[in-house]
Amino acid sequence: MKKIALALLATLLSLPVHASAIAQLKAFVSDTKTLSASFNQLVSSKNKHEEASGTLEISRPGKFRWSYNKPYEQLIVGDGKTLWIYDKDLAQVTRKNLDGALGSSPAALLAGNNAIERDYVLKEAGKQGEVEWLSASPKKADNTFNAIRMGFSNKMLVEMELTDSFGNNTRIRFSAQQKNPALAASHFSFSAPKGVDVVSGD
């Protein structure tokens, strides 16, 4: 009986210990200099239910490329100084100062070295299946998002849930993640196509 108990204890000690979501976030931010992934996004509120998908690329600090492919084409590029939003169907580009826009989109939050830890209070939110969750509450009332939840597995971000001040809930699932791939610098620069209106955002 004693041998069985010792064998069971040895087995339990040899099982991998799952890191908390906050620890995985810190490891993700520390270890991930570049990132590429596919995503599926669902935005829901009382009056709408919209699905979209695309790809993202991140190069820290402050550079990202968030490309929507379905159901419409939209490109969001942060080049380190300026945030560019290109709506192909509208033939319009919106240009914003990146410092002011940082944190106003999931891509900007992920591209910042410590944007989430700096601007939000983090709390563990439990485990669901193989995913460890954390919740993030804004430190300032004027923050874009009222609440954020982030799900991690094996030190990789697999899901985000964001609630904004208008009551919209955005759920993003990531797949085909590649950590620290070689990404061309040109992916994080943007020039407005000819004939496209360029407007300055707030």
# chains A, B, ... in the order shown; residues from 1 in each chain; ligands from 1
$ residues_around --residues "Lys63 in chain A" --least-positions-apart "2" --cutoff "7 Å" --atoms "only C-alpha atoms" --output "mmCIF file with N, CA, C and O atoms, in the first residue's frame"
data_model
loop_
_atom_site.group_PDB
_atom_site.id
_atom_site.type_symbol
_atom_site.label_atom_id
_atom_site.label_comp_id
_atom_site.auth_asym_id
_atom_site.auth_seq_id
_atom_site.Cartn_x
_atom_site.Cartn_y
_atom_site.Cartn_z
ATOM 1 N N ILE A 58 2.443 41.168 -35.474
ATOM 2 C CA ILE A 58 2.872 42.121 -34.450
ATOM 3 C C ILE A 58 4.386 42.146 -34.386
ATOM 4 O O ILE A 58 5.043 41.098 -34.467
ATOM 5 N N SER A 59 4.941 43.329 -34.246
ATOM 6 C CA SER A 59 6.371 43.500 -34.003
ATOM 7 C C SER A 59 6.514 44.544 -32.902
ATOM 8 O O SER A 59 6.214 45.721 -33.106
ATOM 9 N N ARG A 60 6.933 44.105 -31.736
ATOM 10 C CA ARG A 60 7.047 45.014 -30.602
ATOM 11 C C ARG A 60 8.315 45.863 -30.693
ATOM 12 O O ARG A 60 9.343 45.359 -31.156
ATOM 13 N N PRO A 61 8.251 47.125 -30.204
ATOM 14 C CA PRO A 61 7.069 47.758 -29.616
ATOM 15 C C PRO A 61 6.303 48.607 -30.637
ATOM 16 O O PRO A 61 6.895 49.290 -31.468
ATOM 17 N N GLY A 78 -0.221 49.774 -37.603
ATOM 18 C CA GLY A 78 0.482 50.672 -36.693
ATOM 19 C C GLY A 78 1.956 50.625 -37.036
ATOM 20 O O GLY A 78 2.580 49.563 -36.981
ATOM 21 N N ASP A 79 2.527 51.777 -37.443
ATOM 22 C CA ASP A 79 3.921 51.789 -37.891
ATOM 23 C C ASP A 79 4.898 52.263 -36.826
ATOM 24 O O ASP A 79 6.071 52.507 -37.094
ATOM 25 N N GLY A 80 4.404 52.381 -35.578
ATOM 26 C CA GLY A 80 5.237 52.859 -34.485
ATOM 27 C C GLY A 80 4.957 54.297 -34.125
ATOM 28 O O GLY A 80 5.199 54.721 -32.994
ATOM 29 N N ALA A 111 0.518 44.862 -29.068
ATOM 30 C CA ALA A 111 1.795 45.339 -29.582
ATOM 31 C C ALA A 111 2.573 46.151 -28.558
ATOM 32 O O ALA A 111 3.784 46.312 -28.676
ATOM 33 N N PHE A 188 4.781 46.644 -41.859
ATOM 34 C CA PHE A 188 4.348 47.596 -40.838
ATOM 35 C C PHE A 188 4.473 49.042 -41.298
ATOM 36 O O PHE A 188 4.545 49.964 -40.491
#
$ residues_around --residues "Gly151 in chain A" --least-positions-apart "6" --cutoff "10 Å" --atoms "only C-alpha atoms" --output "list in words"
Ala21, Ile22, Gln24, Leu25, Ala125, Gly126, Lys127, Gln128, Glu130, Val131, Glu132, Trp133, Leu134, Ser135, Leu157, Val158, Glu159, Met160, Glu161 and Arg173 of chain A
$ write_last_selection --atoms "N, CA, C and O atoms" --output "mmCIF file, in the first residue's frame"
data_model
loop_
_atom_site.group_PDB
_atom_site.id
_atom_site.type_symbol
_atom_site.label_atom_id
_atom_site.label_comp_id
_atom_site.auth_asym_id
_atom_site.auth_seq_id
_atom_site.Cartn_x
_atom_site.Cartn_y
_atom_site.Cartn_z
ATOM 1 N N ALA A 21 -2.799 32.545 -15.459
ATOM 2 C CA ALA A 21 -2.969 33.357 -16.667
ATOM 3 C C ALA A 21 -2.087 34.603 -16.625
ATOM 4 O O ALA A 21 -1.502 34.990 -17.641
ATOM 5 N N ILE A 22 -1.974 35.245 -15.457
ATOM 6 C CA ILE A 22 -1.140 36.449 -15.364
ATOM 7 C C ILE A 22 0.321 36.107 -15.611
ATOM 8 O O ILE A 22 1.039 36.835 -16.306
ATOM 9 N N GLN A 24 1.361 33.655 -17.441
ATOM 10 C CA GLN A 24 1.481 33.366 -18.871
ATOM 11 C C GLN A 24 1.465 34.652 -19.695
ATOM 12 O O GLN A 24 2.153 34.744 -20.717
ATOM 13 N N LEU A 25 0.678 35.642 -19.271
ATOM 14 C CA LEU A 25 0.680 36.939 -19.951
ATOM 15 C C LEU A 25 2.065 37.574 -19.875
ATOM 16 O O LEU A 25 2.596 38.055 -20.887
ATOM 17 N N ALA A 125 -8.917 34.724 -13.472
ATOM 18 C CA ALA A 125 -10.345 34.500 -13.723
ATOM 19 C C ALA A 125 -10.668 33.014 -13.892
ATOM 20 O O ALA A 125 -11.719 32.661 -14.422
ATOM 21 N N GLY A 126 -9.757 32.138 -13.448
ATOM 22 C CA GLY A 126 -10.055 30.712 -13.442
ATOM 23 C C GLY A 126 -9.668 29.994 -14.725
ATOM 24 O O GLY A 126 -9.216 30.597 -15.694
ATOM 25 N N LYS A 127 -9.875 28.698 -14.711
ATOM 26 C CA LYS A 127 -9.505 27.839 -15.829
ATOM 27 C C LYS A 127 -10.741 27.216 -16.447
ATOM 28 O O LYS A 127 -11.641 26.763 -15.742
ATOM 29 N N GLN A 128 -10.795 27.217 -17.775
ATOM 30 C CA GLN A 128 -11.864 26.547 -18.515
ATOM 31 C C GLN A 128 -11.219 25.613 -19.520
ATOM 32 O O GLN A 128 -10.561 26.071 -20.462
ATOM 33 N N GLU A 130 -8.496 23.695 -21.099
ATOM 34 C CA GLU A 130 -7.043 23.862 -21.057
ATOM 35 C C GLU A 130 -6.625 25.325 -21.044
ATOM 36 O O GLU A 130 -5.439 25.628 -21.170
ATOM 37 N N VAL A 131 -7.588 26.224 -20.914
ATOM 38 C CA VAL A 131 -7.306 27.658 -21.023
ATOM 39 C C VAL A 131 -7.379 28.329 -19.657
ATOM 40 O O VAL A 131 -8.369 28.194 -18.933
ATOM 41 N N GLU A 132 -6.304 29.046 -19.314
ATOM 42 C CA GLU A 132 -6.264 29.856 -18.093
ATOM 43 C C GLU A 132 -6.685 31.282 -18.454
ATOM 44 O O GLU A 132 -6.165 31.877 -19.393
ATOM 45 N N TRP A 133 -7.626 31.842 -17.663
ATOM 46 C CA TRP A 133 -8.179 33.164 -17.981
ATOM 47 C C TRP A 133 -7.764 34.209 -16.957
ATOM 48 O O TRP A 133 -7.583 33.918 -15.783
ATOM 49 N N LEU A 134 -7.616 35.451 -17.433
ATOM 50 C CA LEU A 134 -7.441 36.601 -16.549
ATOM 51 C C LEU A 134 -8.447 37.666 -16.963
ATOM 52 O O LEU A 134 -8.909 37.707 -18.105
ATOM 53 N N SER A 135 -8.800 38.515 -16.014
ATOM 54 C CA SER A 135 -9.662 39.655 -16.312
ATOM 55 C C SER A 135 -8.855 40.924 -16.098
ATOM 56 O O SER A 135 -7.975 40.981 -15.233
ATOM 57 N N LEU A 157 -1.444 33.284 -26.262
ATOM 58 C CA LEU A 157 -2.779 33.845 -26.207
ATOM 59 C C LEU A 157 -3.670 33.118 -27.211
ATOM 60 O O LEU A 157 -3.357 33.059 -28.401
ATOM 61 N N VAL A 158 -4.775 32.561 -26.744
ATOM 62 C CA VAL A 158 -5.666 31.822 -27.633
ATOM 63 C C VAL A 158 -7.026 32.504 -27.793
ATOM 64 O O VAL A 158 -7.746 32.224 -28.750
ATOM 65 N N GLU A 159 -7.366 33.407 -26.875
ATOM 66 C CA GLU A 159 -8.677 34.042 -26.959
ATOM 67 C C GLU A 159 -8.690 35.356 -26.188
ATOM 68 O O GLU A 159 -8.009 35.513 -25.176
ATOM 69 N N MET A 160 -9.470 36.323 -26.698
ATOM 70 C CA MET A 160 -9.697 37.592 -26.013
ATOM 71 C C MET A 160 -11.188 37.915 -26.038
ATOM 72 O O MET A 160 -11.871 37.645 -27.024
ATOM 73 N N GLU A 161 -11.670 38.507 -24.949
ATOM 74 C CA GLU A 161 -13.023 39.038 -24.887
ATOM 75 C C GLU A 161 -12.938 40.478 -24.415
ATOM 76 O O GLU A 161 -12.306 40.765 -23.398
ATOM 77 N N ARG A 173 -10.874 34.681 -31.339
ATOM 78 C CA ARG A 173 -10.156 33.419 -31.160
ATOM 79 C C ARG A 173 -8.975 33.395 -32.129
ATOM 80 O O ARG A 173 -9.144 33.660 -33.321
#
$ closest_residue --among "A:Leu56, A:Leu98, A:Ala136, A:Val43" --to "Gly112 in chain A" --atoms "only C-alpha atoms"
A:Leu98
$ closest_residue --among "A:Val93, A:Ala107, A:Met156, A:Ala184" --to "Ala19 in chain A" --atoms "only C-alpha atoms"
A:Met156
$ closest_residue --among "A:Phe166, A:Phe152, A:Trp84, A:Tyr120" --to "Ser191 in chain A" --atoms "only C-alpha atoms"
A:Trp84
$ select_by_dssp --residues "range 23-186 of chain A" --states "strand (DSSP E or B)" --output "number ranges by chain"
A: 34-44, 49-59, 63-70, 74-79, 82-87, 92-97, 120-128, 131-138, 145-153, 156-164, 169-179
$ residues_around --residues "Ile76 in chain A" --least-positions-apart "2" --cutoff "6 Å" --atoms "only C-alpha atoms" --output "list in words"
Arg65, Trp66, Trp84 and Ile85 of chain A
$ write_last_selection --atoms "all heavy atoms" --output "PDB file, in the first residue's frame"
ATOM      1  N   ARG A  65      -0.021  44.770 -37.778  1.00  0.00           N
ATOM      2  CA  ARG A  65      -0.793  44.732 -39.017  1.00  0.00           C
ATOM      3  C   ARG A  65      -1.968  43.794 -38.784  1.00  0.00           C
ATOM      4  O   ARG A  65      -1.788  42.592 -38.583  1.00  0.00           O
ATOM      5  CB  ARG A  65       0.078  44.221 -40.165  1.00  0.00           C
ATOM      6  CG  ARG A  65      -0.627  44.195 -41.535  1.00  0.00           C
ATOM      7  CD  ARG A  65       0.297  43.602 -42.594  1.00  0.00           C
ATOM      8  NE  ARG A  65      -0.284  43.658 -43.931  1.00  0.00           N
ATOM      9  CZ  ARG A  65      -0.107  44.654 -44.784  1.00  0.00           C
ATOM     10  NH1 ARG A  65       0.662  45.682 -44.443  1.00  0.00           N
ATOM     11  NH2 ARG A  65      -0.665  44.627 -45.976  1.00  0.00           N
ATOM     12  N   TRP A  66      -3.173  44.343 -38.790  1.00  0.00           N
ATOM     13  CA  TRP A  66      -4.394  43.605 -38.488  1.00  0.00           C
ATOM     14  C   TRP A  66      -5.246  43.660 -39.747  1.00  0.00           C
ATOM     15  O   TRP A  66      -5.763  44.714 -40.115  1.00  0.00           O
ATOM     16  CB  TRP A  66      -5.093  44.264 -37.309  1.00  0.00           C
ATOM     17  CG  TRP A  66      -6.263  43.550 -36.718  1.00  0.00           C
ATOM     18  CD1 TRP A  66      -7.531  43.544 -37.179  1.00  0.00           C
ATOM     19  CD2 TRP A  66      -6.273  42.757 -35.522  1.00  0.00           C
ATOM     20  NE1 TRP A  66      -8.345  42.797 -36.356  1.00  0.00           N
ATOM     21  CE2 TRP A  66      -7.603  42.311 -35.339  1.00  0.00           C
ATOM     22  CE3 TRP A  66      -5.290  42.395 -34.594  1.00  0.00           C
ATOM     23  CZ2 TRP A  66      -7.970  41.509 -34.249  1.00  0.00           C
ATOM     24  CZ3 TRP A  66      -5.662  41.595 -33.520  1.00  0.00           C
ATOM     25  CH2 TRP A  66      -6.985  41.155 -33.352  1.00  0.00           C
ATOM     26  N   TRP A  84      -2.985  53.614 -39.054  1.00  0.00           N
ATOM     27  CA  TRP A  84      -3.671  53.744 -40.331  1.00  0.00           C
ATOM     28  C   TRP A  84      -4.810  52.736 -40.402  1.00  0.00           C
ATOM     29  O   TRP A  84      -4.621  51.553 -40.109  1.00  0.00           O
ATOM     30  CB  TRP A  84      -2.715  53.471 -41.496  1.00  0.00           C
ATOM     31  CG  TRP A  84      -1.491  54.333 -41.518  1.00  0.00           C
ATOM     32  CD1 TRP A  84      -0.285  54.068 -40.927  1.00  0.00           C
ATOM     33  CD2 TRP A  84      -1.342  55.594 -42.175  1.00  0.00           C
ATOM     34  NE1 TRP A  84       0.608  55.083 -41.170  1.00  0.00           N
ATOM     35  CE2 TRP A  84      -0.017  56.037 -41.937  1.00  0.00           C
ATOM     36  CE3 TRP A  84      -2.198  56.389 -42.954  1.00  0.00           C
ATOM     37  CZ2 TRP A  84       0.467  57.234 -42.444  1.00  0.00           C
ATOM     38  CZ3 TRP A  84      -1.724  57.585 -43.460  1.00  0.00           C
ATOM     39  CH2 TRP A  84      -0.403  57.999 -43.200  1.00  0.00           C
ATOM     40  N   ILE A  85      -6.009  53.192 -40.793  1.00  0.00           N
ATOM     41  CA  ILE A  85      -7.156  52.313 -40.957  1.00  0.00           C
ATOM     42  C   ILE A  85      -7.666  52.488 -42.379  1.00  0.00           C
ATOM     43  O   ILE A  85      -8.149  53.565 -42.748  1.00  0.00           O
ATOM     44  CB  ILE A  85      -8.270  52.638 -39.949  1.00  0.00           C
ATOM     45  CG1 ILE A  85      -7.731  52.565 -38.519  1.00  0.00           C
ATOM     46  CG2 ILE A  85      -9.450  51.676 -40.120  1.00  0.00           C
ATOM     47  CD1 ILE A  85      -8.716  53.058 -37.472  1.00  0.00           C
TER      48      ILE A  85
END
$ residues_around --residues "Lys139 in chain A" --least-positions-apart "2" --cutoff "7 Å" --atoms "only C-alpha atoms" --output "list of chain:residue names"
A:Asp119, A:Tyr120, A:Val121, A:Ser137, A:Ala141
$ closest_residue --among "A:Ala37, A:Ala182, A:Val196, A:Leu110" --to "Gly62 in chain A" --atoms "only C-alpha atoms"
A:Leu110
$ atom_distance --atom1 "CA of Thr55 in chain A" --atom2 "CA of Tyr68 in chain A"
6.7 Å
$ atom_distance --atom1 "CA of Lys70 in chain A" --atom2 "CA of Ala52 in chain A"
5.3 Å
